[in-house]
There are 4 protein chains.
Amino acid sequence: MGLPRKGSVPTGRPRDPRIDAAAIGATLAILDESGYGGVSVEAVARRARSAKTAIYRRWPNRQHLVLAALSARIGEAATPDTGCTICDLNEGINVFIAAFRQIRPDVLGSLLADCASDPELRRQFMVRLFEPPRLAVSRMLDQAAQRGDLRPDADRALVLDLLGSLVHYRALFGHVPTTAAEVEQAVEALLGGIALDYPALLEHSRRLAEGGAVHDTHAL
Amino acid sequence: MGLPRKGSVPTGRPRDPRIDAAAIGATLAILDESGYGGVSVEAVARRARSAKTAIYRRWPNRQHLVLAALSARIGEAATPDTGCTICDLNEGINVFIAAFRQIRPDVLGSLLADCASDPELRRQFMVRLFEPPRLAVSRMLDQAAQRGDLRPDADRALVLDLLGSLVHYRALFGHVPTTAAEVEQAVEALLGGIALDYPALLEHSRRLAEGGAVHDTHAL
Amino acid sequence: MGLPRKGSVPTGRPRDPRIDAAAIGATLAILDESGYGGVSVEAVARRARSAKTAIYRRWPNRQHLVLAALSARIGEAATPDTGCTICDLNEGINVFIAAFRQIRPDVLGSLLADCASDPELRRQFMVRLFEPPRLAVSRMLDQAAQRGDLRPDADRALVLDLLGSLVHYRALFGHVPTTAAEVEQAVEALLGGIALDYPALLEHSRRLAEGGAVHDTHAL
Amino acid sequence: MGLPRKGSVPTGRPRDPRIDAAAIGATLAILDESGYGGVSVEAVARRARSAKTAIYRRWPNRQHLVLAALSARIGEAATPDTGCTICDLNEGINVFIAAFRQIRPDVLGSLLADCASDPELRRQFMVRLFEPPRLAVSRMLDQAAQRGDLRPDADRALVLDLLGSLVHYRALFGHVPTTAAEVEQAVEALLGGIALDYPALLEHSRRLAEGGAVHDTHAL
DNA sequence: TGCTAAGCGAGACGGTACGTCCCGTCTTAAT
DNA sequence: ATTAAGACGGGACGTACCGTCTCGCTTAGCA
């Protein structure tokens, strides 16, 4: 996390790990309270009770600091694999949604926008924030294909985007929150287009739902 | 455009409309060259060969100025109505895409992000940038419903979001540009879910395409 | 008062005299409340419920406006002539003091300072504010000389400055207010230097004081 | 000089003393060229080839900067003590005059005027510009009293003001420069009023003048 | 009575400076 | 070598006035 030291051999006084933690914590706190605009290296240093130099030694600028803070919060997303394609997708997309709901839409948008002028930032944004949940959905589609649930000619990339974008679109534009029921509807609509035998899949998921945990349909 | 005068009765020297135009033009030029971060009221005034005060008289800050510039560029979107639901949607969404491709993704993202802390800005963003193309698609779905092309129980709002988001998602995240072929595919997938008689619609659109102009399939 | 019209023949709509009065009044009010720095043409126009142009038509800038306001307040100073040199001087200097105590010291100082870069302002300042009270004292010294009270070789200009400066010095630097008693002391000290027969003058004034009005010795 | 740092313990990078010097120098240069009105923090920073922030770190605003510049120029005034009261006073007052002649009258007046709305500025103005020369004259009067040259009942404060004001009056109003001859005359006039044995003092000074350096009688 | 010249209010115009905030770099002494 | 502290040059913020200008309307005296 953060910038590596210049020289590879760690001589001299080692970096104080509490400063990493304090800086990340301060950044997250400011993001929650005042949004992206409130994060300045000066403010973070003030709040973390550290010096600006200690921050700049670890991250080259505000943007990378914010990215580090956000990816520290989001962490890793798991891929469900229950054998039921519809259930997996619903479950997986809700993980997707939950992960991004931990980030204020304006913060995500600002950081994304700043990526335009900083390729390295963009690379890290993709690897650490954008791709993990997409990968999870992608893996679930692969599993479904392996089970033979999908038509061989289905355009999985498009479905991936349509499912992913549903969440991001509403998250970023924030005009309506997305409910689990809507996720379910969207999954059904899209699977209707790419499944080999959609009615069978639906029947499978209904039986599981009756026998097991009921899906949460609360608003997200 | 811009701030209204305080009193509704226009007394005093009238505003010079060339300054409005010059400011909008300068803002767009800077946005194209240097992105959102390059736009400062000082820079715009410099480039428009006007005074900072003349800018502040019209727009309260950088954000509103950018919004005015973007909506001046985008203008109004027309709603096609050819009687062919599939053609209309393809055409309409391409207008949608073309409109937003005139805006750098980082600019759109930054402005959107700044909306979080300024309700009035957000309101104008929605009215002037977000809703016009959505309305166009919405009207096309209404037309399709009036023609009896759609299942009565279809969730049009969700389809609207899925179609709209396809564009915005890729525009904002910019990982891949969206081709007209992909739009076609998405329209077909979603209509497959909500159309009363999808094969008939498809056949209709194919006949029109053969007899008339071929859809542009260039990358967007 | 104020600028003359350009053309000497007064055609067209005549100037509204109430605006002159309102502007002077507003200026004085602002000077009293907020000092010289508070006077801006915009503020005066606001307070006088007139337009900036109406002000600029009469006075070329803030400084001349302030000068006009101050000299309107001070007006003319009379020269006492009772035949008693000491009484006249005491009386005359108190008029001097009273006149300048109507002006905040900082206002006087600021205006004076601005005179440095505006010869016309300086000329008017001298004629309308600085000289009138000095002339009064000067006339009193002339009267004393005519009565034969002064030594023929006395440097009247210096005495004039010493007497005048006593007031201005304390007024401008404001470290102590000047009492009538101090004025009396100063007059006696200086007359001691230039009078032909100082004890006789003193005796004369004492007799008059006993028989007539007692000098006010309140602090100024 | 300038603002003290917040914490009394000097941690962090020390202030660059060359910037203090450059700022003071630039301020004095601008004062001489363009007067008080020409001094803006921006202009000083420009001329001193430093940043505005570096100026504001040292002085809270234009006024304090000007005060610092003026007091740097004036420095300390010495008190002569030759045993000859008349010579000392002439000499001392000429130091007084010379010190203030290094300051343009409008600059002094403007600064003084600005003191009205800033008590701290006023305090420093008094301590650094107004009192030093006054103290010198005051000390000379004390020395004269100790030598037994003055009448015990003499009002030294008044004489101090009369002598001091002579200089300031003409300096501020600038109507005539003050010559050493006039100073001599004024000293003689006033000592005539408060000396125990004025003719003896005069005789003493004359003998010294014949035997030593002749007083400068050039215009000031 | 209608013409014409100026006054008037309102407010836009190009400017300048304000004092504040933050940037990302640097210098210092202390650990 | 890292740390806290803070100075450095720089740039932009949004505000307040400057003194000039352009409007449409009002108010006279002269014809």
# chains A, B, ... in the order shown; residues from 1 in each chain; ligands from 1
$ residues_around --residues "Leu121 in chain C" --least-positions-apart "4" --cutoff "12 Å" --atoms "only C-alpha atoms (C1' of nucleotides)" --output "ChimeraX atom specification"
/C:59-68,111-117,125-129
$ interface_residues --of "chain D" --to "chain F" --cutoff "9 Å" --atoms "only C-alpha atoms (C1' of nucleotides)" --output "ChimeraX atom specification"
/D:10-16,50-54,57
$ closest_atom_pairs --of "chain E" --to "chain C" --cutoff "12 Å" --atoms "only C-alpha atoms (C1' of nucleotides)" --output "Markdown table"
| residue | atom | partner | partner_atom | distance |
| --- | --- | --- | --- | --- |
| E:DC3 | C1' | C:Gly12 | CA | 11.3 |
| E:DT4 | C1' | C:Gly12 | CA | 7.6 |
| E:DA5 | C1' | C:Gly12 | CA | 4.4 |
| E:DA6 | C1' | C:Gly12 | CA | 4.2 |
| E:DG7 | C1' | C:Arg13 | CA | 5.5 |
| E:DC8 | C1' | C:Ala54 | CA | 7.0 |
| E:DG9 | C1' | C:Ala51 | CA | 5.8 |
| E:DA10 | C1' | C:Ala51 | CA | 7.3 |
| E:DG11 | C1' | C:Ala51 | CA | 9.7 |
$ residues_around --residues "Ala29 in chain B" --least-positions-apart "5" --cutoff "10 Å" --atoms "only C-alpha atoms (C1' of nucleotides)" --output "PDB file with C-alpha atoms, in the first residue's frame"
ATOM      1  CA  ALA B  23     -17.702  32.727 -22.190  1.00  0.00           C
ATOM      2  CA  ILE B  24     -19.506  29.581 -23.270  1.00  0.00           C
ATOM      3  CA  SER B  34      -7.596  20.640 -20.521  1.00  0.00           C
ATOM      4  CA  GLY B  35     -10.644  18.991 -19.057  1.00  0.00           C
ATOM      5  CA  VAL B  39     -11.660  25.482 -16.220  1.00  0.00           C
ATOM      6  CA  VAL B  44     -12.352  31.567 -18.948  1.00  0.00           C
ATOM      7  CA  ARG B  47      -9.769  33.482 -22.929  1.00  0.00           C
ATOM      8  CA  ALA B  69     -21.466  25.293 -21.683  1.00  0.00           C
TER       9      ALA B  69
END
$ interface_residues --of "chain A" --to "chain B" --cutoff "8 Å" --atoms "only C-alpha atoms" --output "PDB file with C-alpha atoms, in the first residue's frame"
ATOM      1  CA  PRO A 105     -21.465   8.534  -5.764  1.00  0.00           C
ATOM      2  CA  ASP A 106     -19.805  11.913  -6.063  1.00  0.00           C
ATOM      3  CA  VAL A 107     -16.575  10.514  -4.680  1.00  0.00           C
ATOM      4  CA  LEU A 108     -16.567   7.704  -7.166  1.00  0.00           C
ATOM      5  CA  GLY A 109     -17.385  10.080  -9.997  1.00  0.00           C
ATOM      6  CA  SER A 110     -14.705  12.564  -9.034  1.00  0.00           C
ATOM      7  CA  LEU A 112     -13.044   8.383 -11.982  1.00  0.00           C
ATOM      8  CA  ALA A 113     -12.923  11.778 -13.636  1.00  0.00           C
ATOM      9  CA  ASP A 114      -9.447  12.427 -12.284  1.00  0.00           C
ATOM     10  CA  CYS A 115      -8.344   9.164 -13.826  1.00  0.00           C
ATOM     11  CA  ALA A 116      -8.658  10.758 -17.228  1.00  0.00           C
ATOM     12  CA  LEU A 158     -22.729  -7.196 -23.294  1.00  0.00           C
ATOM     13  CA  ASP A 161     -22.037  -4.521 -19.050  1.00  0.00           C
ATOM     14  CA  LEU A 162     -25.792  -4.310 -18.887  1.00  0.00           C
ATOM     15  CA  SER A 165     -24.114  -0.671 -15.623  1.00  0.00           C
ATOM     16  CA  LEU A 166     -27.519  -0.996 -14.041  1.00  0.00           C
ATOM     17  CA  HIS A 168     -23.305   2.013 -11.622  1.00  0.00           C
ATOM     18  CA  TYR A 169     -25.751   4.061 -13.597  1.00  0.00           C
ATOM     19  CA  LEU A 172     -23.549   7.539 -10.151  1.00  0.00           C
ATOM     20  CA  PHE A 173     -26.638   9.404 -11.275  1.00  0.00           C
ATOM     21  CA  GLU A 182     -35.303  -4.761  -9.757  1.00  0.00           C
ATOM     22  CA  ALA A 186     -33.193  -7.386 -14.855  1.00  0.00           C
ATOM     23  CA  ALA A 189     -34.980 -10.173 -18.624  1.00  0.00           C
ATOM     24  CA  LEU A 190     -31.404 -10.706 -19.697  1.00  0.00           C
ATOM     25  CA  GLY A 192     -34.448 -14.662 -21.138  1.00  0.00           C
ATOM     26  CA  GLY A 193     -32.236 -13.486 -23.970  1.00  0.00           C
TER      27      GLY A 193
END
$ decode --residues "range 4-29 of chain F" --atoms "N, CA, C and O atoms (P, O5', C5', C4', C3', O3' and C1' of nucleotides)" --output "compact mmCIF listing (two decimals), in the first residue's frame"
# COMPACT_ATOMS: atom_id res chain seq x y z
P DA F 4 4.79 12.58 11.77
O5' DA F 4 5.19 13.97 12.43
C5' DA F 4 5.50 14.02 13.82
C4' DA F 4 5.82 15.45 14.19
C3' DA F 4 4.74 16.45 13.80
O3' DA F 4 4.61 17.40 14.84
C1' DA F 4 6.76 17.02 12.71
P DA F 5 3.50 18.54 14.75
O5' DA F 5 4.30 19.72 14.04
C5' DA F 5 5.47 20.22 14.67
C4' DA F 5 6.09 21.28 13.77
C3' DA F 5 5.07 22.24 13.16
O3' DA F 5 5.28 23.51 13.76
C1' DA F 5 6.72 21.53 11.59
P DG F 6 4.28 24.74 13.45
O5' DG F 6 4.88 25.33 12.10
C5' DG F 6 6.23 25.77 12.08
C4' DG F 6 6.65 25.96 10.65
C3' DG F 6 5.66 26.81 9.81
O3' DG F 6 6.40 27.76 9.10
C1' DG F 6 6.30 24.95 8.65
P DA F 7 5.94 29.28 9.08
O5' DA F 7 6.91 29.84 7.94
C5' DA F 7 8.32 29.67 8.09
C4' DA F 7 8.96 29.52 6.74
C3' DA F 7 8.43 30.49 5.69
O3' DA F 7 9.52 31.11 5.03
C1' DA F 7 8.26 28.25 4.91
P DC F 8 9.22 32.19 3.96
O5' DC F 8 9.07 31.37 2.62
C5' DC F 8 10.25 30.80 2.05
C4' DC F 8 9.92 30.09 0.76
C3' DC F 8 9.04 30.91 -0.19
O3' DC F 8 9.89 31.62 -1.08
C1' DC F 8 8.39 28.60 -0.10
P DG F 9 9.25 32.77 -1.99
O5' DG F 9 8.64 31.97 -3.22
C5' DG F 9 9.54 31.41 -4.19
C4' DG F 9 8.73 30.76 -5.29
C3' DG F 9 7.86 31.74 -6.09
O3' DG F 9 7.86 31.30 -7.45
C1' DG F 9 6.48 30.15 -5.06
P DG F 10 7.09 32.14 -8.60
O5' DG F 10 5.64 31.51 -8.59
C5' DG F 10 5.49 30.16 -8.98
C4' DG F 10 4.06 29.72 -8.76
C3' DG F 10 2.99 30.63 -9.35
O3' DG F 10 2.42 29.95 -10.46
C1' DG F 10 2.36 29.73 -7.24
P DG F 11 1.59 30.75 -11.54
O5' DG F 11 0.11 30.34 -11.20
C5' DG F 11 -0.21 28.96 -11.11
C4' DG F 11 -1.58 28.82 -10.49
C3' DG F 11 -2.59 29.83 -11.05
O3' DG F 11 -3.75 29.09 -11.39
C1' DG F 11 -2.60 29.88 -8.69
P DA F 12 -4.76 29.66 -12.47
O5' DA F 12 -6.09 29.80 -11.64
C5' DA F 12 -6.67 28.64 -11.08
C4' DA F 12 -7.50 29.03 -9.88
C3' DA F 12 -8.55 30.10 -10.18
O3' DA F 12 -9.83 29.44 -10.25
C1' DA F 12 -7.44 30.43 -8.06
P DC F 13 -11.18 30.24 -10.34
O5' DC F 13 -11.54 30.48 -8.82
C5' DC F 13 -11.60 29.36 -7.94
C4' DC F 13 -11.87 29.86 -6.54
C3' DC F 13 -13.05 30.81 -6.46
O3' DC F 13 -14.15 30.08 -5.96
C1' DC F 13 -11.17 31.63 -5.21
P DG F 14 -15.61 30.23 -6.70
O5' DG F 14 -16.14 31.60 -6.08
C5' DG F 14 -16.50 31.58 -4.70
C4' DG F 14 -16.54 32.99 -4.16
C3' DG F 14 -17.52 33.93 -4.87
O3' DG F 14 -18.23 34.64 -3.88
C1' DG F 14 -15.40 34.89 -4.80
P DT F 15 -19.19 35.86 -4.19
O5' DT F 15 -18.33 37.08 -3.64
C5' DT F 15 -17.85 37.03 -2.30
C4' DT F 15 -17.32 38.40 -1.92
C3' DT F 15 -18.24 39.55 -2.32
O3' DT F 15 -18.40 40.41 -1.20
C1' DT F 15 -16.07 39.88 -3.24
P DA F 16 -19.43 41.67 -1.28
O5' DA F 16 -18.44 42.89 -1.61
C5' DA F 16 -17.38 43.15 -0.72
C4' DA F 16 -16.61 44.34 -1.24
C3' DA F 16 -17.52 45.45 -1.77
O3' DA F 16 -17.10 46.66 -1.17
C1' DA F 16 -15.89 44.87 -3.38
P DC F 17 -18.10 47.90 -1.05
O5' DC F 17 -17.28 49.00 -1.84
C5' DC F 17 -16.94 48.70 -3.12
C4' DC F 17 -15.84 49.58 -3.61
C3' DC F 17 -16.40 50.73 -4.43
O3' DC F 17 -15.63 51.91 -4.21
C1' DC F 17 -15.24 49.14 -5.82
P DC F 18 -15.92 53.25 -4.97
O5' DC F 18 -14.94 53.18 -6.22
C5' DC F 18 -13.55 53.04 -6.00
C4' DC F 18 -12.85 52.89 -7.33
C3' DC F 18 -13.28 53.92 -8.35
O3' DC F 18 -12.29 54.92 -8.43
C1' DC F 18 -13.23 51.70 -9.29
P DG F 19 -12.69 56.45 -8.60
O5' DG F 19 -13.12 56.50 -10.13
C5' DG F 19 -12.08 56.37 -11.11
C4' DG F 19 -12.68 56.08 -12.46
C3' DG F 19 -13.68 57.14 -12.95
O3' DG F 19 -13.41 57.38 -14.32
C1' DG F 19 -14.63 55.02 -13.07
P DT F 20 -14.31 58.29 -15.28
O5' DT F 20 -14.91 57.22 -16.29
C5' DT F 20 -14.02 56.33 -16.95
C4' DT F 20 -14.79 55.42 -17.90
C3' DT F 20 -15.76 56.17 -18.83
O3' DT F 20 -15.56 55.68 -20.15
C1' DT F 20 -16.90 54.43 -17.70
P DC F 21 -16.35 56.35 -21.39
O5' DC F 21 -17.65 55.40 -21.48
C5' DC F 21 -17.60 54.20 -22.23
C4' DC F 21 -18.95 53.50 -22.13
C3' DC F 21 -20.15 54.33 -22.56
O3' DC F 21 -20.34 54.37 -23.99
C1' DC F 21 -20.62 53.05 -20.58
P DT F 22 -20.85 53.19 -24.91
O5' DT F 22 -22.28 52.77 -24.37
C5' DT F 22 -22.64 51.40 -24.50
C4' DT F 22 -23.96 51.15 -23.79
C3' DT F 22 -25.17 51.74 -24.53
O3' DT F 22 -26.11 50.69 -24.58
C1' DT F 22 -25.28 52.26 -22.27
P DC F 23 -26.87 50.47 -25.99
O5' DC F 23 -28.30 50.07 -25.41
C5' DC F 23 -29.16 51.12 -25.10
C4' DC F 23 -29.88 50.84 -23.81
C3' DC F 23 -31.20 51.56 -23.83
O3' DC F 23 -32.18 50.65 -24.31
C1' DC F 23 -30.03 51.85 -21.74
P DG F 24 -33.40 51.13 -25.22
O5' DG F 24 -34.41 51.62 -24.08
C5' DG F 24 -34.68 50.75 -22.99
C4' DG F 24 -35.51 51.48 -21.95
C3' DG F 24 -36.63 52.34 -22.55
O3' DG F 24 -37.74 52.27 -21.65
C1' DG F 24 -35.14 53.73 -21.35
P DC F 25 -39.06 53.09 -21.92
O5' DC F 25 -38.96 54.24 -20.83
C5' DC F 25 -38.76 53.89 -19.47
C4' DC F 25 -38.61 55.13 -18.64
C3' DC F 25 -39.68 56.20 -18.90
O3' DC F 25 -40.28 56.52 -17.66
C1' DC F 25 -37.51 57.15 -18.95
P DT F 26 -41.36 57.68 -17.58
O5' DT F 26 -40.48 58.93 -17.13
C5' DT F 26 -39.79 58.86 -15.89
C4' DT F 26 -39.20 60.21 -15.59
C3' DT F 26 -40.18 61.37 -15.57
O3' DT F 26 -39.90 62.11 -14.40
C1' DT F 26 -38.35 61.88 -16.98
P DT F 27 -40.90 63.28 -13.92
O5' DT F 27 -40.14 64.59 -14.43
C5' DT F 27 -38.90 64.92 -13.84
C4' DT F 27 -38.31 66.08 -14.58
C3' DT F 27 -39.24 67.30 -14.74
O3' DT F 27 -38.54 68.41 -14.25
C1' DT F 27 -38.21 66.78 -16.77
P DA F 28 -39.28 69.66 -13.66
O5' DA F 28 -39.80 70.41 -14.97
C5' DA F 28 -39.44 71.74 -15.14
C4' DA F 28 -38.21 71.85 -16.05
C3' DA F 28 -38.34 72.99 -17.03
O3' DA F 28 -37.69 74.11 -16.45
C1' DA F 28 -37.55 71.00 -18.09
P DG F 29 -38.31 75.55 -16.73
O5' DG F 29 -37.68 75.92 -18.14
C5' DG F 29 -36.26 76.00 -18.27
C4' DG F 29 -35.90 76.17 -19.73
C3' DG F 29 -36.55 77.38 -20.38
O3' DG F 29 -35.59 77.96 -21.27
C1' DG F 29 -37.28 75.41 -21.47
